[in-house]
Each structure stands twice: as C-alpha cells, then as structure tokens.
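One structure is given here, and the rest of the page talks about it.
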Amino acid sequence: MMETSQPNTVSKPRLLRGVRLKFDETRGEWLLLAPERVIKADAIAVEILKRCDGTATIDAIADVLAEQFSADRARVGADVRALLGELAAKRMVDL
C-alpha cells in the first residue's frame, strides 16, 4: 500500500511537469495524464485539480470549493488534502 503524506495547508500545489488534466471527448470523461499512466478523475477531483496552478494554497482551494458547493469547510479541506497527498505520493502533484 502506498503511503500518503498530509500536505501543509499553505502549500501551493501544481501538477508536475508532464502531468496534465484533459477532457477526453471520445470517452466523455476527465483524465489525469502522466507518462505511462492515466487516471480517471471524478467530478470532485477535477474541481480540485483545475485549481492546482501553483498560485492558490490548499486552504484557498478548499475555501473556494466549500463556498461554491455550499459544503462543510472542514470536510472539503480534508478531502482536498487527502486527494493531493495521494497524488503527491504518486508523483503527479508537487506540494
């Protein structure tokens, strides 16, 4: 089992070089593409990853998403940290 790290809430996540988020028109779904890897991204992951541009902090991303979806801020923050920690462990996101 891959160990995930808990990212710092003031980290400014960004996709690593060679990793990109792309909508596949043929399949009608979002994909996270990396060399020799493809991960299907669900709607929640897409909303988080769209904001991983290296300028917004993890806290800022969680704040925007909690407001946009009228969701519990603590829950959104935990979900954002969990996803980004997992992707960082897979070397797809830089924290």
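Quick note on naming: the chains in the structure tokens go A, B, ... in the order shown, residues restart at 1 in each chain, and ligands are numbered from 1 in order of appearance.
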
For this session: Using DSSP on the backbone, list every residue of region 4-82 of chain A that comes out as alpha helix (DSSP H), and give them as number ranges by chain.
Result: A: 43-49, 58-68, 73-82

Residues just named, written with N, CA, C and O atoms as a short mmCIF file (atom, residue, chain, number, x, y, z; two decimals), in the first residue's frame:
data_model
loop_
_atom_site.label_atom_id
_atom_site.label_comp_id
_atom_site.auth_asym_id
_atom_site.auth_seq_id
_atom_site.Cartn_x
_atom_site.Cartn_y
_atom_site.Cartn_z
N ALA A 43 -15.66 14.05 -10.67
CA ALA A 43 -16.02 15.46 -10.69
C ALA A 43 -15.35 16.26 -9.56
O ALA A 43 -14.93 17.40 -9.77
N ILE A 44 -15.24 15.68 -8.39
CA ILE A 44 -14.62 16.37 -7.26
C ILE A 44 -13.14 16.56 -7.51
O ILE A 44 -12.59 17.65 -7.32
N ALA A 45 -12.46 15.52 -7.98
CA ALA A 45 -11.03 15.62 -8.28
C ALA A 45 -10.77 16.67 -9.36
O ALA A 45 -9.81 17.43 -9.26
N VAL A 46 -11.62 16.73 -10.35
CA VAL A 46 -11.46 17.71 -11.44
C VAL A 46 -11.52 19.13 -10.88
O VAL A 46 -10.68 19.97 -11.21
N GLU A 47 -12.49 19.39 -10.01
CA GLU A 47 -12.62 20.73 -9.44
C GLU A 47 -11.39 21.11 -8.63
O GLU A 47 -10.94 22.25 -8.65
N ILE A 48 -10.82 20.15 -7.92
CA ILE A 48 -9.60 20.41 -7.14
C ILE A 48 -8.42 20.62 -8.08
O ILE A 48 -7.68 21.59 -7.97
N LEU A 49 -8.24 19.71 -9.04
CA LEU A 49 -7.08 19.77 -9.93
C LEU A 49 -7.08 20.99 -10.84
O LEU A 49 -6.01 21.51 -11.17
N ILE A 58 -3.63 25.33 -0.57
CA ILE A 58 -4.60 24.27 -0.32
C ILE A 58 -5.80 24.84 0.44
O ILE A 58 -6.95 24.52 0.14
N ASP A 59 -5.53 25.72 1.43
CA ASP A 59 -6.63 26.35 2.16
C ASP A 59 -7.51 27.19 1.24
O ASP A 59 -8.74 27.15 1.35
N ALA A 60 -6.91 27.94 0.33
CA ALA A 60 -7.69 28.77 -0.59
C ALA A 60 -8.55 27.91 -1.51
O ALA A 60 -9.71 28.24 -1.78
N ILE A 61 -7.99 26.80 -1.99
CA ILE A 61 -8.75 25.88 -2.84
C ILE A 61 -9.95 25.33 -2.08
O ILE A 61 -11.08 25.32 -2.58
N ALA A 62 -9.73 24.91 -0.84
CA ALA A 62 -10.82 24.37 -0.02
C ALA A 62 -11.87 25.43 0.26
O ALA A 62 -13.08 25.15 0.21
N ASP A 63 -11.44 26.67 0.54
CA ASP A 63 -12.39 27.75 0.79
C ASP A 63 -13.29 28.00 -0.41
O ASP A 63 -14.51 28.11 -0.27
N VAL A 64 -12.70 28.08 -1.59
CA VAL A 64 -13.46 28.34 -2.82
C VAL A 64 -14.46 27.20 -3.08
O VAL A 64 -15.63 27.44 -3.41
N LEU A 65 -14.00 25.97 -2.94
CA LEU A 65 -14.88 24.83 -3.21
C LEU A 65 -16.00 24.72 -2.18
O LEU A 65 -17.15 24.41 -2.55
N ALA A 66 -15.71 24.97 -0.92
CA ALA A 66 -16.74 24.92 0.11
C ALA A 66 -17.82 25.97 -0.16
O ALA A 66 -19.02 25.69 -0.03
N GLU A 67 -17.39 27.15 -0.58
CA GLU A 67 -18.36 28.20 -0.89
C GLU A 67 -19.14 27.87 -2.17
O GLU A 67 -20.36 27.99 -2.22
N GLN A 68 -18.42 27.42 -3.21
CA GLN A 68 -19.06 27.12 -4.49
C GLN A 68 -20.13 26.04 -4.36
O GLN A 68 -21.18 26.12 -4.99
N ARG A 73 -16.82 23.27 5.31
CA ARG A 73 -15.43 23.65 5.02
C ARG A 73 -14.43 22.62 5.55
O ARG A 73 -13.45 22.29 4.89
N ALA A 74 -14.67 22.08 6.73
CA ALA A 74 -13.75 21.09 7.31
C ALA A 74 -13.71 19.82 6.45
O ALA A 74 -12.64 19.26 6.21
N ARG A 75 -14.85 19.41 5.99
CA ARG A 75 -14.94 18.19 5.15
C ARG A 75 -14.24 18.42 3.82
O ARG A 75 -13.48 17.57 3.34
N VAL A 76 -14.49 19.57 3.21
CA VAL A 76 -13.85 19.89 1.92
C VAL A 76 -12.34 19.95 2.09
O VAL A 76 -11.59 19.41 1.30
N GLY A 77 -11.89 20.61 3.15
CA GLY A 77 -10.45 20.71 3.41
C GLY A 77 -9.81 19.35 3.56
O GLY A 77 -8.72 19.10 3.03
N ALA A 78 -10.46 18.46 4.28
CA ALA A 78 -9.93 17.11 4.48
C ALA A 78 -9.87 16.35 3.15
O ALA A 78 -8.88 15.66 2.87
N ASP A 79 -10.90 16.51 2.31
CA ASP A 79 -10.92 15.84 1.01
C ASP A 79 -9.83 16.37 0.08
O ASP A 79 -9.17 15.60 -0.61
N VAL A 80 -9.63 17.68 0.09
CA VAL A 80 -8.60 18.29 -0.75
C VAL A 80 -7.22 17.79 -0.32
O VAL A 80 -6.41 17.37 -1.15
N ARG A 81 -6.95 17.82 0.98
CA ARG A 81 -5.65 17.35 1.49
C ARG A 81 -5.43 15.87 1.18
O ARG A 81 -4.34 15.48 0.80
N ALA A 82 -6.47 15.06 1.33
CA ALA A 82 -6.34 13.63 1.07
C ALA A 82 -6.01 13.36 -0.40
O ALA A 82 -5.10 12.58 -0.71
#

For this session: Within region 2-88 of chain A, find each residue whose DSSP state, derived from the backbone, is strand (DSSP E or B), and express the selection as JSON, numbers by chain.
Result: {"A": [14, 15, 20, 21, 22, 23, 24, 29, 30, 31, 32, 33, 34, 37, 38, 39, 40, 41, 53]}

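Counting only C-alpha atoms and comparing A:Glu36, A:Glu86, A:Asp42, A:Asp53, the residue that lies closest to Gly18 (chain A) is A:Glu36.
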
Seminar exercise, completed: Closest of A:Arg51, A:Ser70, A:Leu32, A:Lys22 to Leu87 (chain A), counting only C-alpha atoms, is A:Leu32

Exercise. Near region 33-35 of chain A, within 7 Å and counting only C-alpha atoms, which residues show up once chain neighbours fewer than 3 positions away are dropped, as a PyMOL selection string?
Worked result: chain A and resi 18-21+38-39

Exercise. Could you work out how far CA of Phe23 (chain A) lies from CA of Cys52 (chain A), giving the answer in Å with one decimal?
Worked result: 16.1 Å

Exercise. Of the residues A:Asp24, A:Asp94, A:Asp72, A:Glu29, which is the one nearest to Ala41 (chain A), using only C-alpha atoms?
Worked result: A:Glu29

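Across the model, the gap from CA of Lys50 (chain A) to CA of Leu31 (chain A) is 11.8 Å.
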
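Taking CA of Pro7 (chain A) as the reference point, CA of Lys40 (chain A) is found at 22.0 Å.
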